[in-house]
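Data from start-v5.pdb: PDB, C-alpha atoms
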MODEL        1
ATOM      1  CA  MET U 238     -28.570  -1.387  32.770  1.00  0.00           C
ATOM      2  CA  ARG U 239     -30.462   0.778  30.309  1.00  0.00           C
ATOM      3  CA  SER U 240     -32.574   2.273  33.117  1.00  0.00           C
ATOM      4  CA  VAL U 241     -29.403   3.182  35.058  1.00  0.00           C
ATOM      5  CA  LEU U 242     -28.046   4.964  31.988  1.00  0.00           C
ATOM      6  CA  LYS U 243     -31.321   6.818  31.566  1.00  0.00           C
ATOM      7  CA  LEU U 244     -31.249   7.825  35.238  1.00  0.00           C
ATOM      8  CA  ALA U 245     -27.649   9.021  34.934  1.00  0.00           C
ATOM      9  CA  ALA U 246     -28.474  11.002  31.796  1.00  0.00           C
ATOM     10  CA  ALA U 247     -31.496  12.581  33.482  1.00  0.00           C
ATOM     11  CA  ALA U 248     -29.475  13.337  36.611  1.00  0.00           C
ATOM     12  CA  ALA U 249     -26.789  15.038  34.543  1.00  0.00           C
ATOM     13  CA  MET U 250     -29.396  17.503  33.334  1.00  0.00           C
ATOM     14  CA  LEU U 251     -30.561  18.411  36.842  1.00  0.00           C
ATOM     15  CA  PRO U 252     -28.602  21.314  38.313  1.00  0.00           C
ATOM     16  CA  GLY U 253     -26.989  20.473  41.626  1.00  0.00           C
ATOM     17  CA  LEU U 254     -27.327  16.687  41.330  1.00  0.00           C
ATOM     18  CA  ALA U 255     -23.943  15.088  41.856  1.00  0.00           C
ATOM     19  CA  LEU U 256     -22.847  11.993  39.982  1.00  0.00           C
ATOM     20  CA  ALA U 257     -19.564  11.175  41.733  1.00  0.00           C
ATOM     21  CA  ALA U 258     -18.304  10.981  45.297  1.00  0.00           C
ATOM     22  CA  ASP U 259     -15.221  12.865  46.492  1.00  0.00           C
ATOM     23  CA  PRO U 260     -13.316  10.986  49.223  1.00  0.00           C
ATOM     24  CA  ARG U 261     -11.061  13.999  49.889  1.00  0.00           C
ATOM     25  CA  ALA U 262     -14.068  16.185  50.648  1.00  0.00           C
ATOM     26  CA  GLY U 263     -15.472  13.278  52.663  1.00  0.00           C
ATOM     27  CA  ARG U 264     -12.332  13.124  54.792  1.00  0.00           C
ATOM     28  CA  ALA U 265     -12.704  16.798  55.755  1.00  0.00           C
ATOM     29  CA  LEU U 266     -16.403  16.311  56.534  1.00  0.00           C
ATOM     30  CA  PHE U 267     -15.611  13.183  58.554  1.00  0.00           C
ATOM     31  CA  GLN U 268     -12.993  15.017  60.629  1.00  0.00           C
ATOM     32  CA  GLU U 269     -15.474  17.801  61.358  1.00  0.00           C
ATOM     33  CA  ASN U 270     -18.592  15.717  62.068  1.00  0.00           C
ATOM     34  CA  CYS U 271     -17.629  12.128  62.870  1.00  0.00           C
ATOM     35  CA  ALA U 272     -14.123  12.107  64.359  1.00  0.00           C
ATOM     36  CA  PRO U 273     -15.204  13.298  67.824  1.00  0.00           C
ATOM     37  CA  CYS U 274     -16.780   9.867  68.344  1.00  0.00           C
ATOM     38  CA  HIS U 275     -15.192   7.620  65.712  1.00  0.00           C
ATOM     39  CA  GLY U 276     -11.693   9.109  65.915  1.00  0.00           C
ATOM     40  CA  ALA U 277      -9.473  10.780  63.346  1.00  0.00           C
ATOM     41  CA  THR U 278      -8.584   7.388  61.869  1.00  0.00           C
ATOM     42  CA  ALA U 279     -12.192   6.069  62.043  1.00  0.00           C
ATOM     43  CA  ARG U 280     -11.248   3.296  64.469  1.00  0.00           C
ATOM     44  CA  GLY U 281     -13.838   4.234  67.114  1.00  0.00           C
ATOM     45  CA  ASP U 282     -11.317   5.939  69.383  1.00  0.00           C
ATOM     46  CA  GLY U 283     -12.485   9.549  69.318  1.00  0.00           C
ATOM     47  CA  PRO U 284     -12.265  11.819  72.352  1.00  0.00           C
ATOM     48  CA  MET U 285     -15.998  11.425  73.084  1.00  0.00           C
ATOM     49  CA  ARG U 286     -15.674   7.628  73.347  1.00  0.00           C
ATOM     50  CA  ASP U 287     -15.213   7.585  77.106  1.00  0.00           C
ATOM     51  CA  ILE U 288     -18.450   9.422  77.851  1.00  0.00           C
ATOM     52  CA  LEU U 289     -20.623   7.281  75.553  1.00  0.00           C
ATOM     53  CA  SER U 290     -22.456   4.283  77.009  1.00  0.00           C
ATOM     54  CA  VAL U 291     -21.913   2.334  73.759  1.00  0.00           C
ATOM     55  CA  ALA U 292     -18.485   2.525  72.133  1.00  0.00           C
ATOM     56  CA  PRO U 293     -18.442   3.974  68.597  1.00  0.00           C
ATOM     57  CA  ALA U 294     -17.851   1.463  65.832  1.00  0.00           C
ATOM     58  CA  ASP U 295     -14.483   0.882  64.206  1.00  0.00           C
ATOM     59  CA  LEU U 296     -15.395   2.100  60.724  1.00  0.00           C
ATOM     60  CA  THR U 297     -12.241   0.642  59.174  1.00  0.00           C
ATOM     61  CA  ARG U 298     -13.779  -2.834  59.386  1.00  0.00           C
ATOM     62  CA  LEU U 299     -16.951  -2.302  57.370  1.00  0.00           C
ATOM     63  CA  SER U 300     -15.573  -4.391  54.482  1.00  0.00           C
ATOM     64  CA  GLU U 301     -14.628  -7.455  56.507  1.00  0.00           C
ATOM     65  CA  ASP U 302     -16.521  -9.649  54.029  1.00  0.00           C
ATOM     66  CA  GLY U 303     -14.571  -8.076  51.148  1.00  0.00           C
ATOM     67  CA  VAL U 304     -17.354  -5.764  49.971  1.00  0.00           C
ATOM     68  CA  PHE U 305     -17.855  -2.202  51.139  1.00  0.00           C
ATOM     69  CA  PRO U 306     -21.560  -1.754  52.027  1.00  0.00           C
ATOM     70  CA  MET U 307     -21.871   1.694  50.417  1.00  0.00           C
ATOM     71  CA  THR U 308     -25.657   1.956  50.476  1.00  0.00           C
ATOM     72  CA  ASP U 309     -25.846   0.711  54.083  1.00  0.00           C
ATOM     73  CA  VAL U 310     -23.257   3.307  55.114  1.00  0.00           C
ATOM     74  CA  VAL U 311     -25.173   6.074  53.325  1.00  0.00           C
ATOM     75  CA  ARG U 312     -28.404   5.015  55.040  1.00  0.00           C
ATOM     76  CA  ARG U 313     -26.701   4.954  58.433  1.00  0.00           C
ATOM     77  CA  ILE U 314     -25.176   8.416  58.050  1.00  0.00           C
ATOM     78  CA  ASP U 315     -28.293  10.133  56.711  1.00  0.00           C
ATOM     79  CA  GLY U 316     -30.533   8.514  59.324  1.00  0.00           C
ATOM     80  CA  ARG U 317     -32.648   6.152  57.231  1.00  0.00           C
ATOM     81  CA  ASP U 318     -31.115   3.171  59.030  1.00  0.00           C
ATOM     82  CA  MET U 319     -31.343   3.962  62.729  1.00  0.00           C
ATOM     83  CA  LEU U 320     -28.562   2.784  65.002  1.00  0.00           C
ATOM     84  CA  LEU U 321     -28.699   2.767  68.755  1.00  0.00           C
ATOM     85  CA  ALA U 322     -25.602   4.334  70.239  1.00  0.00           C
ATOM     86  CA  HIS U 323     -24.741   5.930  73.568  1.00  0.00           C
ATOM     87  CA  GLY U 324     -28.103   4.925  74.986  1.00  0.00           C
ATOM     88  CA  GLY U 325     -30.121   6.292  72.072  1.00  0.00           C
ATOM     89  CA  PRO U 326     -29.989   6.753  68.331  1.00  0.00           C
ATOM     90  CA  MET U 327     -26.748   7.819  66.688  1.00  0.00           C
ATOM     91  CA  PRO U 328     -27.076  11.516  65.954  1.00  0.00           C
ATOM     92  CA  LEU U 329     -28.776  12.022  62.605  1.00  0.00           C
ATOM     93  CA  PHE U 330     -26.369  13.738  60.296  1.00  0.00           C
ATOM     94  CA  GLY U 331     -28.608  13.807  57.238  1.00  0.00           C
ATOM     95  CA  TYR U 332     -30.039  17.172  58.239  1.00  0.00           C
ATOM     96  CA  ILE U 333     -26.680  18.614  59.270  1.00  0.00           C
ATOM     97  CA  LEU U 334     -24.998  17.456  56.070  1.00  0.00           C
ATOM     98  CA  GLU U 335     -27.352  19.152  53.653  1.00  0.00           C
ATOM     99  CA  ASP U 336     -25.708  19.677  50.290  1.00  0.00           C
ATOM    100  CA  ARG U 337     -26.399  19.137  46.605  1.00  0.00           C
ATOM    101  CA  SER U 338     -28.407  16.024  45.912  1.00  0.00           C
ATOM    102  CA  ALA U 339     -26.545  12.859  44.990  1.00  0.00           C
ATOM    103  CA  VAL U 340     -27.707   9.447  43.846  1.00  0.00           C
ATOM    104  CA  ILE U 341     -26.241   5.951  44.033  1.00  0.00           C
ATOM    105  CA  ASP U 342     -27.703   2.580  43.149  1.00  0.00           C
ATOM    106  CA  ASP U 343     -28.774   0.086  45.791  1.00  0.00           C
ATOM    107  CA  PRO U 344     -27.527  -3.454  45.030  1.00  0.00           C
ATOM    108  CA  ASP U 345     -31.024  -4.219  43.702  1.00  0.00           C
ATOM    109  CA  GLY U 346     -30.758  -1.295  41.262  1.00  0.00           C
ATOM    110  CA  THR U 347     -33.043   1.070  43.155  1.00  0.00           C
ATOM    111  CA  PRO U 348     -31.689   4.622  43.143  1.00  0.00           C
ATOM    112  CA  ILE U 349     -30.931   6.050  46.577  1.00  0.00           C
ATOM    113  CA  PHE U 350     -31.010   9.824  46.810  1.00  0.00           C
ATOM    114  CA  THR U 351     -28.926  11.453  49.504  1.00  0.00           C
ATOM    115  CA  SER U 352     -26.744  14.534  49.862  1.00  0.00           C
ATOM    116  CA  GLN U 353     -23.343  14.968  48.255  1.00  0.00           C
ATOM    117  CA  ALA U 354     -21.803  15.401  51.724  1.00  0.00           C
ATOM    118  CA  VAL U 355     -23.138  12.035  52.936  1.00  0.00           C
ATOM    119  CA  LEU U 356     -21.941  10.334  49.765  1.00  0.00           C
ATOM    120  CA  ASP U 357     -18.493  11.949  50.130  1.00  0.00           C
ATOM    121  CA  ILE U 358     -18.133  10.708  53.728  1.00  0.00           C
ATOM    122  CA  ALA U 359     -19.127   7.195  52.652  1.00  0.00           C
ATOM    123  CA  ALA U 360     -16.557   7.361  49.831  1.00  0.00           C
ATOM    124  CA  PHE U 361     -13.889   8.413  52.341  1.00  0.00           C
ATOM    125  CA  LEU U 362     -14.793   5.512  54.618  1.00  0.00           C
ATOM    126  CA  GLU U 363     -14.386   3.132  51.698  1.00  0.00           C
ATOM    127  CA  THR U 364     -10.767   4.334  51.372  1.00  0.00           C
ATOM    128  CA  VAL U 365      -9.872   3.510  55.009  1.00  0.00           C
ATOM    129  CA  GLN U 366     -10.990  -0.110  54.997  1.00  0.00           C
ATOM    130  CA  GLU U 367      -8.456  -2.612  56.357  1.00  0.00           C
TER     131      GLU U 367
ENDMDL
END
Re-express the file's structure as structure tokens.
Amino acid sequence: MRSVLKLAAAAAMLPGLALAADPRAGRALFQENCAPCHGATARGDGPMRDILSVAPADLTRLSEDGVFPMTDVVRRIDGRDMLLAHGGPMPLFGYILEDRSAVIDDPDGTPIFTSQAVLDIAAFLETVQE
């Protein structure tokens, strides 16, 4: 716990490093970048669905075990965790979603650095879980 506090204190001193996710900003980013495949409601029913060889995932069911897999979602969006979709890898959005740096903790306590935009989209997805 002490190391997390030290990391947070150090991060607060770095210009441009975000400490909190914004689901409202994430919703706007999702609509712009993800909804064509995953749909406006994140249920995998976007207008591109019919031309993809693998249907997009229903992102409202990521917490079926009762826990939202935040770090897994971040890794999937920014491209660290490759996913095969429509006959090849899901488009990598990490490069498209460049923004201020952001950091979250992996369940094992390891800090995961990503962009604020990726973190905001993940925070939005957490709000739409059924």
Could you pull the residues within 10 Å of Ala272 in chain U, counting all atoms listed in the file, minus those fewer than 4 positions along the same chain, as a count of residues only? 15
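Counting from CA of Pro344 in chain U, the distance to CA of Arg261 in chain U is 24.5 Å.
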If you count only C-alpha atoms, the residue of U:Asp336, U:Ala360, U:Asn270, U:Ile288 closest to Met307 in chain U turns out to be U:Ala360
_Ground truth for the PyMOL selection byres ((chain U and resi 297) around 7), written as a list in words_ =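 Given this file, the PyMOL selection byres ((chain U and resi 297) around 7) evaluates to Ala279, Arg280, Asp295, Leu296, Arg298, Leu299, Val365, Gln366 and Glu367 of chain U.
CA of Phe350 in chain U is positioned 17.9 Å from CA of Pro260 in chain U.
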Spatial sel., origin (-26.2, 7.9, 46.0), limit 6 Å, only C-alpha atoms, listed as a ChimeraX atom specification | /U:339-341,349-351
Min atom-atom distance to Asp342 in chain U from the set U:Glu363, U:Asp309, U:Asp315, U:Asp357, counting all atoms listed in the file, belongs to U:Asp309
**Asked** Between U:Val304, U:Val311, U:Ala292, U:Leu334, which has the minimum distance to Leu356 in chain U (counting all atoms listed in the file)?
**Response**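 Closest to Leu356 in chain U of all the choices is U:Val311.
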A straight line from CA of Arg317 in chain U to CA of Asp287 in chain U spans 26.5 Å
